[in-house]
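The file protein_16.pdb contains PDB, C-alpha atoms and all ligand atoms:
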ATOM      1  CA  MET D   1      79.051  88.600  95.870
ATOM      2  CA  HIS D   2      80.896  91.410  94.064
ATOM      3  CA  TYR D   3      84.673  91.071  94.599
ATOM      4  CA  PRO D   4      86.074  94.467  95.564
ATOM      5  CA  ILE D   5      89.162  94.317  93.284
ATOM      6  CA  SER D   6      89.212  94.928  89.561
ATOM      7  CA  TYR D   7      92.228  93.729  87.576
ATOM      8  CA  GLU D   8      93.589  94.898  84.237
ATOM      9  CA  GLU D   9      94.778  91.839  82.323
ATOM     10  CA  PRO D  10      97.222  90.464  81.456
ATOM     11  CA  MET D  11      98.651  90.263  84.915
ATOM     12  CA  PHE D  12     101.761  88.414  86.040
ATOM     13  CA  ARG D  13     103.086  87.357  89.399
ATOM     14  CA  PRO D  14     106.001  85.215  90.557
ATOM     15  CA  PRO D  15     105.125  81.510  91.088
ATOM     16  CA  SER D  16     105.818  81.876  94.805
ATOM     17  CA  GLU D  17     103.021  84.444  95.107
ATOM     18  CA  ALA D  18     100.348  81.963  94.019
ATOM     19  CA  ARG D  19      98.561  82.204  97.375
ATOM     20  CA  SER D  20      99.011  85.939  97.836
ATOM     21  CA  LEU D  21      96.440  88.643  97.447
ATOM     22  CA  ILE D  22      97.416  90.498  94.272
ATOM     23  CA  LEU D  23      96.874  94.230  94.114
ATOM     24  CA  GLN D  24      97.594  96.319  91.059
ATOM     25  CA  PRO D  25      98.613  99.833  92.089
ATOM     26  CA  ALA D  26     100.699 100.284  88.919
ATOM     27  CA  ILE D  27      99.567  99.217  85.476
ATOM     28  CA  GLY D  28     102.245  97.953  83.084
ATOM     29  CA  CYS D  29     105.999  98.536  83.300
ATOM     30  CA  SER D  30     107.491 102.030  83.453
ATOM     31  CA  TRP D  31     110.411 100.864  81.274
ATOM     32  CA  ASN D  32     108.659  98.469  78.902
ATOM     33  CA  ARG D  33     111.551  98.362  76.426
ATOM     34  CA  CYS D  34     113.463  95.138  77.046
ATOM     35  CA  ALA D  35     114.001  93.344  73.735
ATOM     36  CA  PHE D  36     112.853  89.937  74.970
ATOM     37  CA  CYS D  37     109.784  90.984  76.967
ATOM     38  CA  GLU D  38     106.202  91.407  75.853
ATOM     39  CA  MET D  39     104.536  91.117  79.216
ATOM     40  CA  TYR D  40     103.195  94.651  79.268
ATOM     41  CA  THR D  41     103.607  95.879  75.689
ATOM     42  CA  GLY D  42      99.827  96.205  75.380
ATOM     43  CA  LYS D  43      99.589  98.461  78.436
ATOM     44  CA  LYS D  44     100.413 102.133  78.787
ATOM     45  CA  PHE D  45     102.123 102.615  82.114
ATOM     46  CA  ARG D  46     100.129 104.458  84.749
ATOM     47  CA  ILE D  47      99.729 104.612  88.484
ATOM     48  CA  ARG D  48      96.293 104.019  89.874
ATOM     49  CA  ASP D  49      94.526 106.464  92.088
ATOM     50  CA  LEU D  50      95.528 105.919  95.711
ATOM     51  CA  ALA D  51      92.019 106.472  97.060
ATOM     52  CA  GLU D  52      90.747 103.795  94.669
ATOM     53  CA  MET D  53      93.433 101.370  95.897
ATOM     54  CA  LYS D  54      92.587 102.038  99.528
ATOM     55  CA  GLU D  55      88.930 101.410  98.786
ATOM     56  CA  GLU D  56      89.818  98.029  97.247
ATOM     57  CA  ILE D  57      91.945  97.111 100.261
ATOM     58  CA  ARG D  58      89.203  98.135 102.679
ATOM     59  CA  GLY D  59      86.688  96.109 100.679
ATOM     60  CA  VAL D  60      88.827  92.934 100.724
ATOM     61  CA  GLY D  61      89.525  93.452 104.439
ATOM     62  CA  GLU D  62      85.804  93.239 105.111
ATOM     63  CA  ILE D  63      85.501  89.772 103.593
ATOM     64  CA  GLN D  64      89.010  88.244 103.991
ATOM     65  CA  THR D  65      90.696  89.072 107.261
ATOM     66  CA  ASP D  66      93.205  86.199 107.106
ATOM     67  CA  ILE D  67      95.424  87.564 104.285
ATOM     68  CA  ARG D  68      99.100  86.987 105.117
ATOM     69  CA  LYS D  69     100.850  87.824 101.868
ATOM     70  CA  VAL D  70     100.242  90.602  99.349
ATOM     71  CA  PHE D  71     101.967  91.056  95.987
ATOM     72  CA  LEU D  72     101.965  94.471  94.329
ATOM     73  CA  ALA D  73     101.694  94.309  90.526
ATOM     74  CA  ASP D  74     102.405  95.112  87.699
ATOM     75  CA  GLY D  75     105.914  95.133  86.239
ATOM     76  CA  ASN D  76     107.758  97.339  88.724
ATOM     77  CA  ALA D  77     105.519  98.564  91.512
ATOM     78  CA  MET D  78     108.628  99.711  93.396
ATOM     79  CA  VAL D  79     108.616 102.679  91.012
ATOM     80  CA  LEU D  80     105.800 104.113  93.167
ATOM     81  CA  GLN D  81     106.639 107.241  95.132
ATOM     82  CA  VAL D  82     107.549 106.712  98.768
ATOM     83  CA  ASP D  83     104.463 108.596 100.086
ATOM     84  CA  TYR D  84     102.169 106.488  97.931
ATOM     85  CA  LEU D  85     103.856 103.246  99.036
ATOM     86  CA  MET D  86     103.679 104.220 102.696
ATOM     87  CA  GLU D  87      99.956 105.020 102.462
ATOM     88  CA  LEU D  88      99.331 101.753 100.652
ATOM     89  CA  LEU D  89     101.309  99.695 103.166
ATOM     90  CA  GLY D  90      99.529 101.459 106.039
ATOM     91  CA  ALA D  91      96.134 100.597 104.523
ATOM     92  CA  LEU D  92      97.211  96.952 104.139
ATOM     93  CA  GLU D  93      98.360  96.698 107.728
ATOM     94  CA  LYS D  94      95.071  98.148 108.936
ATOM     95  CA  ALA D  95      92.902  95.881 106.782
ATOM     96  CA  PHE D  96      94.831  92.628 107.344
ATOM     97  CA  PRO D  97      95.943  92.042 110.945
ATOM     98  CA  LYS D  98      97.718  88.775 110.026
ATOM     99  CA  LEU D  99      99.750  90.293 107.183
ATOM    100  CA  ASN D 100     103.408  89.292 107.348
ATOM    101  CA  ARG D 101     104.792  90.030 103.881
ATOM    102  CA  VAL D 102     104.272  92.481 101.054
ATOM    103  CA  SER D 103     106.368  92.024  97.908
ATOM    104  CA  ALA D 104     106.726  93.591  94.455
ATOM    105  CA  TYR D 105     108.717  93.465  91.248
ATOM    106  CA  ALA D 106     111.430  96.115  91.146
ATOM    107  CA  LEU D 107     113.938  97.578  88.750
ATOM    108  CA  PRO D 108     117.300  98.401  90.355
ATOM    109  CA  GLY D 109     116.775 102.036  89.336
ATOM    110  CA  ASP D 110     113.513 102.159  91.348
ATOM    111  CA  LEU D 111     115.513 101.235  94.437
ATOM    112  CA  PHE D 112     118.474 103.451  93.740
ATOM    113  CA  VAL D 113     116.433 106.663  93.575
ATOM    114  CA  LYS D 114     115.052 106.055  97.068
ATOM    115  CA  THR D 115     117.181 107.078 100.033
ATOM    116  CA  ASP D 116     118.446 104.616 102.646
ATOM    117  CA  ASP D 117     115.971 106.023 105.174
ATOM    118  CA  GLU D 118     113.069 105.780 102.744
ATOM    119  CA  LEU D 119     113.830 102.140 101.965
ATOM    120  CA  LYS D 120     114.113 101.407 105.664
ATOM    121  CA  MET D 121     110.763 103.062 106.283
ATOM    122  CA  ILE D 122     109.171 101.051 103.455
ATOM    123  CA  HIS D 123     110.607  97.849 104.884
ATOM    124  CA  GLU D 124     109.374  98.627 108.375
ATOM    125  CA  ALA D 125     105.938  99.362 106.937
ATOM    126  CA  GLY D 126     105.784  95.777 105.587
ATOM    127  CA  LEU D 127     107.541  95.551 102.216
ATOM    128  CA  LYS D 128     109.763  92.526 102.831
ATOM    129  CA  LEU D 129     110.701  91.104  99.432
ATOM    130  CA  ILE D 130     111.509  92.370  95.945
ATOM    131  CA  TYR D 131     111.719  90.354  92.748
ATOM    132  CA  VAL D 132     114.330  91.697  90.340
ATOM    133  CA  GLY D 133     114.909  90.455  86.804
ATOM    134  CA  ILE D 134     118.624  91.192  86.587
ATOM    135  CA  GLU D 135     118.617  89.049  83.407
ATOM    136  CA  SER D 136     122.415  89.305  82.984
ATOM    137  CA  GLY D 137     125.462  90.589  84.782
ATOM    138  CA  ASP D 138     127.183  91.327  81.478
ATOM    139  CA  ASP D 139     127.032  94.956  80.367
ATOM    140  CA  GLU D 140     127.353  94.169  76.668
ATOM    141  CA  VAL D 141     124.387  91.812  76.818
ATOM    142  CA  LEU D 142     122.371  94.248  78.962
ATOM    143  CA  LYS D 143     122.935  96.968  76.382
ATOM    144  CA  LEU D 144     122.010  94.720  73.483
ATOM    145  CA  ILE D 145     118.729  93.706  75.079
ATOM    146  CA  ASN D 146     118.001  97.315  76.094
ATOM    147  CA  LYS D 147     117.559  96.537  79.771
ATOM    148  CA  GLY D 148     118.247 100.098  80.849
ATOM    149  CA  GLU D 149     120.411  98.818  83.712
ATOM    150  CA  THR D 150     124.051  97.794  84.102
ATOM    151  CA  ALA D 151     125.786  95.203  86.252
ATOM    152  CA  ALA D 152     126.805  98.009  88.613
ATOM    153  CA  SER D 153     123.310  99.544  88.838
ATOM    154  CA  SER D 154     121.824  96.117  89.618
ATOM    155  CA  VAL D 155     124.305  95.534  92.413
ATOM    156  CA  GLU D 156     123.955  99.045  93.847
ATOM    157  CA  GLY D 157     120.151  99.116  93.754
ATOM    158  CA  ILE D 158     119.656  95.680  95.276
ATOM    159  CA  LEU D 159     122.339  96.145  97.937
ATOM    160  CA  LYS D 160     120.698  99.406  98.931
ATOM    161  CA  ALA D 161     117.421  97.559  99.490
ATOM    162  CA  LYS D 162     119.263  94.794 101.334
ATOM    163  CA  LYS D 163     120.835  97.324 103.683
ATOM    164  CA  ALA D 164     117.305  98.441 104.541
ATOM    165  CA  GLY D 165     116.325  94.842 105.386
ATOM    166  CA  ILE D 166     114.457  94.051 102.167
ATOM    167  CA  LYS D 167     115.112  90.535 100.842
ATOM    168  CA  SER D 168     115.610  89.867  97.146
ATOM    169  CA  SER D 169     114.676  87.184  94.675
ATOM    170  CA  VAL D 170     116.681  87.674  91.490
ATOM    171  CA  MET D 171     116.333  86.170  88.037
ATOM    172  CA  ILE D 172     118.937  85.427  85.354
ATOM    173  CA  LEU D 173     117.823  84.669  81.809
ATOM    174  CA  SER D 174     119.687  81.718  80.261
ATOM    175  CA  GLY D 175     120.598  82.006  76.599
ATOM    176  CA  LEU D 176     120.133  85.772  76.594
ATOM    177  CA  GLY D 177     123.303  86.518  74.653
ATOM    178  CA  GLY D 178     123.136  83.524  72.329
ATOM    179  CA  LYS D 179     126.224  81.417  71.599
ATOM    180  CA  ARG D 180     128.567  84.362  71.181
ATOM    181  CA  TYR D 181     128.032  85.912  74.605
ATOM    182  CA  SER D 182     127.186  82.734  76.478
ATOM    183  CA  ARG D 183     130.382  82.438  78.528
ATOM    184  CA  GLN D 184     130.662  86.108  79.495
ATOM    185  CA  HIS D 185     126.938  86.224  80.263
ATOM    186  CA  ALA D 186     127.326  83.253  82.617
ATOM    187  CA  GLU D 187     130.536  84.429  84.292
ATOM    188  CA  ASN D 188     129.492  88.053  84.750
ATOM    189  CA  SER D 189     126.039  87.060  85.985
ATOM    190  CA  ALA D 190     127.729  84.951  88.655
ATOM    191  CA  THR D 191     129.893  87.939  89.625
ATOM    192  CA  VAL D 192     126.778  90.078  90.078
ATOM    193  CA  VAL D 193     124.853  87.544  92.172
ATOM    194  CA  ASN D 194     127.981  86.926  94.258
ATOM    195  CA  ALA D 195     128.103  90.633  95.051
ATOM    196  CA  ILE D 196     124.417  90.705  95.976
ATOM    197  CA  GLN D 197     124.117  87.413  97.896
ATOM    198  CA  PRO D 198     120.357  87.304  97.252
ATOM    199  CA  GLU D 199     118.084  85.170  99.409
ATOM    200  CA  TYR D 200     116.542  83.609  96.272
ATOM    201  CA  LEU D 201     117.920  83.067  92.782
ATOM    202  CA  SER D 202     116.343  81.520  89.723
ATOM    203  CA  THR D 203     117.181  81.007  86.078
ATOM    204  CA  LEU D 204     114.623  81.087  83.292
ATOM    205  CA  VAL D 205     115.274  80.372  79.631
ATOM    206  CA  LEU D 206     114.979  83.030  76.928
ATOM    207  CA  SER D 207     111.963  82.774  74.639
ATOM    208  CA  TYR D 208     111.177  84.852  71.573
ATOM    209  CA  PRO D 209     107.744  86.403  72.003
ATOM    210  CA  HIS D 210     108.351  88.862  69.133
ATOM    211  CA  GLY D 211     109.942  86.175  66.972
ATOM    212  CA  MET D 212     113.578  85.252  66.414
ATOM    213  CA  GLU D 213     114.074  87.854  63.658
ATOM    214  CA  HIS D 214     112.952  90.693  65.918
ATOM    215  CA  TYR D 215     115.308  89.542  68.642
ATOM    216  CA  LYS D 216     118.196  89.124  66.182
ATOM    217  CA  LYS D 217     117.824  92.742  65.058
ATOM    218  CA  ARG D 218     118.710  93.794  68.595
ATOM    219  CA  PHE D 219     122.013  92.054  68.131
ATOM    220  CA  LYS D 220     122.489  93.672  64.726
ATOM    221  CA  GLY D 221     121.943  90.221  63.236
ATOM    222  CA  ASP D 222     124.771  88.739  65.290
ATOM    223  CA  PHE D 223     122.703  86.323  67.335
ATOM    224  CA  GLU D 224     122.914  82.577  67.155
ATOM    225  CA  PRO D 225     120.507  80.996  69.628
ATOM    226  CA  CYS D 226     121.825  78.560  72.191
ATOM    227  CA  ASP D 227     120.736  74.978  71.732
ATOM    228  CA  ILE D 228     119.976  72.816  74.742
ATOM    229  CA  PRO D 229     123.541  71.564  75.348
ATOM    230  CA  ASP D 230     124.720  75.204  75.060
ATOM    231  CA  LEU D 231     122.187  76.213  77.691
ATOM    232  CA  LEU D 232     123.246  73.417  80.012
ATOM    233  CA  ARG D 233     126.913  74.353  79.592
ATOM    234  CA  GLU D 234     126.033  77.996  80.264
ATOM    235  CA  LEU D 235     124.184  76.992  83.417
ATOM    236  CA  LYS D 236     127.168  74.928  84.482
ATOM    237  CA  ILE D 237     129.552  77.874  84.037
ATOM    238  CA  PHE D 238     127.139  80.144  85.903
ATOM    239  CA  ILE D 239     126.538  77.840  88.856
ATOM    240  CA  GLY D 240     130.206  76.848  88.951
ATOM    241  CA  ALA D 241     131.241  80.498  89.271
ATOM    242  CA  THR D 242     128.762  81.350  92.032
ATOM    243  CA  GLU D 243     130.116  81.876  95.506
ATOM    244  CA  LEU D 244     126.960  82.159  97.537
ATOM    245  CA  ASP D 245     126.533  81.583 101.243
ATOM    246  CA  GLN D 246     122.840  80.994 101.713
ATOM    247  CA  THR D 247     120.854  81.385  98.510
ATOM    248  CA  VAL D 248     117.882  79.231  97.605
ATOM    249  CA  PHE D 249     118.273  78.362  93.927
ATOM    250  CA  ARG D 250     115.531  77.222  91.576
ATOM    251  CA  SER D 251     115.487  76.456  87.878
ATOM    252  CA  ASP D 252     112.015  74.941  87.805
ATOM    253  CA  HIS D 253     110.118  77.462  85.691
ATOM    254  CA  ALA D 254     108.253  75.907  82.732
ATOM    255  CA  SER D 255     110.940  77.283  80.386
ATOM    256  CA  ASN D 256     113.758  75.318  82.015
ATOM    257  CA  TYR D 257     114.970  72.048  80.521
ATOM    258  CA  LEU D 258     116.617  70.690  83.608
ATOM    259  CA  ILE D 259     114.898  71.116  86.934
ATOM    260  CA  LEU D 260     117.383  72.060  89.631
ATOM    261  CA  LYS D 261     116.617  73.059  93.201
ATOM    262  CA  GLY D 262     118.841  73.532  96.176
ATOM    263  CA  ASN D 263     120.883  75.722  98.386
ATOM    264  CA  LEU D 264     123.836  77.555  96.882
ATOM    265  CA  GLY D 265     126.497  77.057  97.907
ATOM    266  CA  ARG D 266     125.817  74.027 100.224
ATOM    267  CA  GLU D 267     124.440  71.968  97.337
ATOM    268  CA  LYS D 268     126.431  73.512  94.509
ATOM    269  CA  GLU D 269     128.479  70.379  93.785
ATOM    270  CA  ARG D 270     125.367  68.199  93.643
ATOM    271  CA  MET D 271     123.732  70.585  91.181
ATOM    272  CA  LEU D 272     126.857  70.686  89.009
ATOM    273  CA  GLN D 273     126.852  66.888  88.934
ATOM    274  CA  GLU D 274     123.205  66.920  87.842
ATOM    275  CA  ILE D 275     124.074  69.247  84.963
ATOM    276  CA  ASP D 276     126.978  66.971  83.958
ATOM    277  CA  ALA D 277     124.675  63.962  84.063
ATOM    278  CA  ALA D 278     122.165  65.762  81.826
ATOM    279  CA  LEU D 279     124.923  66.637  79.355
ATOM    280  CA  GLU D 280     126.340  63.123  79.307
ATOM    281  CA  ASN D 281     123.150  61.153  79.388
ATOM    282  CA  PRO D 282     120.083  63.300  78.693
ATOM    283  CA  GLY D 283     117.657  60.364  78.619
ATOM    284  CA  MET D 284     118.486  59.448  82.204
ATOM    285  CA  ALA D 285     119.033  62.774  83.836
ATOM    286  CA  GLY D 286     115.678  64.315  84.607
ATOM    287  CA  LEU D 287     115.430  66.575  81.596
ATOM    288  CA  ARG D 288     111.850  67.444  80.794
ATOM    289  CA  PRO D 289     110.768  64.861  78.149
ATOM    290  CA  GLU D 290     109.453  67.558  75.816
ATOM    291  CA  TRP D 291     112.976  68.931  75.560
ATOM    292  CA  LEU D 292     114.748  65.675  74.827
ATOM    293  CA  ARG D 293     113.779  66.111  71.180
ATOM    294  CA  GLY D 294     116.033  69.145  71.013
ATOM    295  CA  LEU D 295     119.175  67.291  71.981
TER     296      LEU D 295
HETATM  297  S1  LIG R 301     111.728  95.794  83.016
HETATM  298 FE1  LIG R 301     110.836  93.738  83.269
HETATM  299  S2  LIG R 301     108.651  94.000  82.810
HETATM  300 FE2  LIG R 301     109.713  95.849  82.068
HETATM  301  S3  LIG R 301     110.122  95.425  79.894
HETATM  302 FE3  LIG R 301     111.944  94.786  81.050
HETATM  303  S4  LIG R 301     111.621  92.594  81.519
HETATM  304 FE4  LIG R 301     109.638  93.455  80.880
END

Go ahead and express the file in the form of structure tokens.
Ligand code: SF4
Amino acid sequence: MHYPISYEEPMFRPPSEARSLILQPAIGCSWNRCAFCEMYTGKKFRIRDLAEMKEEIRGVGEIQTDIRKVFLADGNAMVLQVDYLMELLGALEKAFPKLNRVSAYALPGDLFVKTDDELKMIHEAGLKLIYVGIESGDDEVLKLINKGETAASSVEGILKAKKAGIKSSVMILSGLGGKRYSRQHAENSATVVNAIQPEYLSTLVLSYPHGMEHYKKRFKGDFEPCDIPDLLRELKIFIGATELDQTVFRSDHASNYLILKGNLGREKERMLQEIDAALENPGMAGLRPEWLRGL
């Protein structure tokens, strides 16, 4: 049978959306300039025709009525205009009677340009969760990696969505500033997440898809990559400085050396002890075996 959705690869989604229906109303990332990211460099950003999207949704609704979760791709679907989003969410509600969550990646700027009432309307229409790669709460690092956002814009954008009832899952990128900026990256990132109090928080580890030399140029050559103990110490400073009430924390992405999971702050001390154990005795402490070579 012909499946009614056509995808433009490569496509990415958060791990927690593995069972969701993925729709692709926006192709690529409207920013597409972060120094460390190559997810959408092969795609020219565009928004797909709304009628085409509605036709896909109607088609899936005819064969899969039990859809409960939908994820809107690609890189920042929250850039979509409010009217477009409302039409899309309306079509989803009509096609999938059991739908209980729509989510999307967002840039803080995409949220900030929408009014409080618009965000509330979008939330009431079904958009319940946004995934935001804050990457760092340190303005120097954010500028160096060309994120196009600041610590303040991240806080303002996400808090605006939160006020409208939209939950957030935010990501911090370990090692982003190299050795030189490691401490301020960790401390200022904690300050930002403390201000947001996100429902979900995760850390991933920086990789170099364009090569180390390309990334170094961003730092005007002044970039010394963190080694594994540096990354663990950075994580310890970050977690130690968090003051979170009820945030589910995960560092279990394939890029992470040490798998940590828990509730911050209830389980903060336990997680700090696990980091200490990994630093003191890496062979015993649950570090991924493939990373032990780097210690
Ligand atoms: S905003 Fe996100 S998807 Fe876009 S370039 Fe930056 S990291 Fe990549």

>> At a cut-off of 8 Å, using all atoms listed in the file, what residues contact D:Asn188? Leave out same-chain residues fewer than 6 positions from it and give the result as a PyMOL selection string.
In response: chain D and resi 136-138

> Written as an NGL selection string, which residues does the PyMOL selection byres (((not hetatm)) within 7 of (chain R and resi 301)) give for the file shown?
Replying inline: :D and (29-34 or 37-40 or 75-76 or 107 or 133 or 147)

For the residues in that selection, give me C-alpha atoms as a PDB file, keeping the file's coordinate frame.
ATOM      1  CA  CYS D  29     105.999  98.536  83.300  1.00  0.00           C
ATOM      2  CA  SER D  30     107.491 102.030  83.453  1.00  0.00           C
ATOM      3  CA  TRP D  31     110.411 100.864  81.274  1.00  0.00           C
ATOM      4  CA  ASN D  32     108.659  98.469  78.902  1.00  0.00           C
ATOM      5  CA  ARG D  33     111.551  98.362  76.426  1.00  0.00           C
ATOM      6  CA  CYS D  34     113.463  95.138  77.046  1.00  0.00           C
ATOM      7  CA  CYS D  37     109.784  90.984  76.967  1.00  0.00           C
ATOM      8  CA  GLU D  38     106.202  91.407  75.853  1.00  0.00           C
ATOM      9  CA  MET D  39     104.536  91.117  79.216  1.00  0.00           C
ATOM     10  CA  TYR D  40     103.195  94.651  79.268  1.00  0.00           C
ATOM     11  CA  GLY D  75     105.914  95.133  86.239  1.00  0.00           C
ATOM     12  CA  ASN D  76     107.758  97.339  88.724  1.00  0.00           C
ATOM     13  CA  LEU D 107     113.938  97.578  88.750  1.00  0.00           C
ATOM     14  CA  GLY D 133     114.909  90.455  86.804  1.00  0.00           C
ATOM     15  CA  LYS D 147     117.559  96.537  79.771  1.00  0.00           C
TER      16      LYS D 147
END

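For the file shown, the residue list from the PyMOL selection byres (((chain D and resi 91) around 10) and not hetatm) reads Met53, Lys54, Glu55, Glu56, Ile57, Arg58, Gly61, Leu85, Met86, Glu87, Leu88, Leu89, Gly90, Leu92, Glu93, Lys94, Ala95 and Phe96 of chain D.
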
> If the PyMOL selection byres (((chain D and resi 80) around 12) and not hetatm) is run on the structure shown, which residues does it catch, given as an MDAnalysis selection string?
Replying inline: chainID D and resid 24:27 29:30 45:50 72:79 81:89 104:107 109:111 113:114 122

>> Nearest residue to D:Ala152 out of D:Val60, D:Val102, D:Ser189, D:Asp116, using all atoms listed in the file?
In response: D:Ser189

How about completing stretch 32-53 of chain D with N, CA and C atoms and giving it to me as a CSV table (one decimal), in the coordinates of the input?
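Dumped to result-v2.csv:
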chain,number,residue,atom,x,y,z
D,32,ASN,N,109.4,99.1,80.0
D,32,ASN,CA,108.7,98.5,78.9
D,32,ASN,C,109.4,98.4,77.6
D,33,ARG,N,110.8,98.3,77.7
D,33,ARG,CA,111.6,98.4,76.4
D,33,ARG,C,112.5,97.2,76.3
D,34,CYS,N,112.5,96.2,77.2
D,34,CYS,CA,113.5,95.1,77.0
D,34,CYS,C,113.1,94.3,75.8
D,35,ALA,N,114.2,94.0,75.1
D,35,ALA,CA,114.0,93.3,73.7
D,35,ALA,C,113.3,92.0,73.8
D,36,PHE,N,113.4,91.3,74.9
D,36,PHE,CA,112.9,89.9,75.0
D,36,PHE,C,111.5,89.9,75.6
D,37,CYS,N,111.0,91.0,76.1
D,37,CYS,CA,109.8,91.0,77.0
D,37,CYS,C,108.6,91.6,76.3
D,38,GLU,N,107.5,90.9,76.4
D,38,GLU,CA,106.2,91.4,75.9
D,38,GLU,C,105.1,91.4,76.9
D,39,MET,N,105.5,91.3,78.2
D,39,MET,CA,104.5,91.1,79.2
D,39,MET,C,103.6,92.3,79.3
D,40,TYR,N,104.1,93.5,79.1
D,40,TYR,CA,103.2,94.7,79.3
D,40,TYR,C,103.2,95.5,78.0
D,41,THR,N,103.5,95.0,76.9
D,41,THR,CA,103.6,95.9,75.7
D,41,THR,C,102.2,96.4,75.3
D,42,GLY,N,101.2,95.7,75.7
D,42,GLY,CA,99.8,96.2,75.4
D,42,GLY,C,99.3,97.2,76.4
D,43,LYS,N,100.1,97.6,77.4
D,43,LYS,CA,99.6,98.5,78.4
D,43,LYS,C,100.4,99.8,78.5
D,44,LYS,N,99.7,100.9,78.6
D,44,LYS,CA,100.4,102.1,78.8
D,44,LYS,C,100.6,102.3,80.3
D,45,PHE,N,101.8,102.6,80.7
D,45,PHE,CA,102.1,102.6,82.1
D,45,PHE,C,101.4,103.7,82.8
D,46,ARG,N,100.8,103.4,83.9
D,46,ARG,CA,100.1,104.5,84.7
D,46,ARG,C,100.0,104.0,86.2
D,47,ILE,N,99.9,104.9,87.1
D,47,ILE,CA,99.7,104.6,88.5
D,47,ILE,C,98.3,104.9,88.9
D,48,ARG,N,97.7,103.9,89.5
D,48,ARG,CA,96.3,104.0,89.9
D,48,ARG,C,96.1,105.0,91.0
D,49,ASP,N,94.9,105.5,91.1
D,49,ASP,CA,94.5,106.5,92.1
D,49,ASP,C,94.6,105.8,93.5
D,50,LEU,N,95.3,106.5,94.4
D,50,LEU,CA,95.5,105.9,95.7
D,50,LEU,C,94.2,105.7,96.5
D,51,ALA,N,93.3,106.6,96.3
D,51,ALA,CA,92.0,106.5,97.1
D,51,ALA,C,91.3,105.2,96.6
D,52,GLU,N,91.4,105.0,95.3
D,52,GLU,CA,90.7,103.8,94.7
D,52,GLU,C,91.4,102.5,95.2
D,53,MET,N,92.7,102.5,95.4
D,53,MET,CA,93.4,101.4,95.9
D,53,MET,C,93.0,101.1,97.3
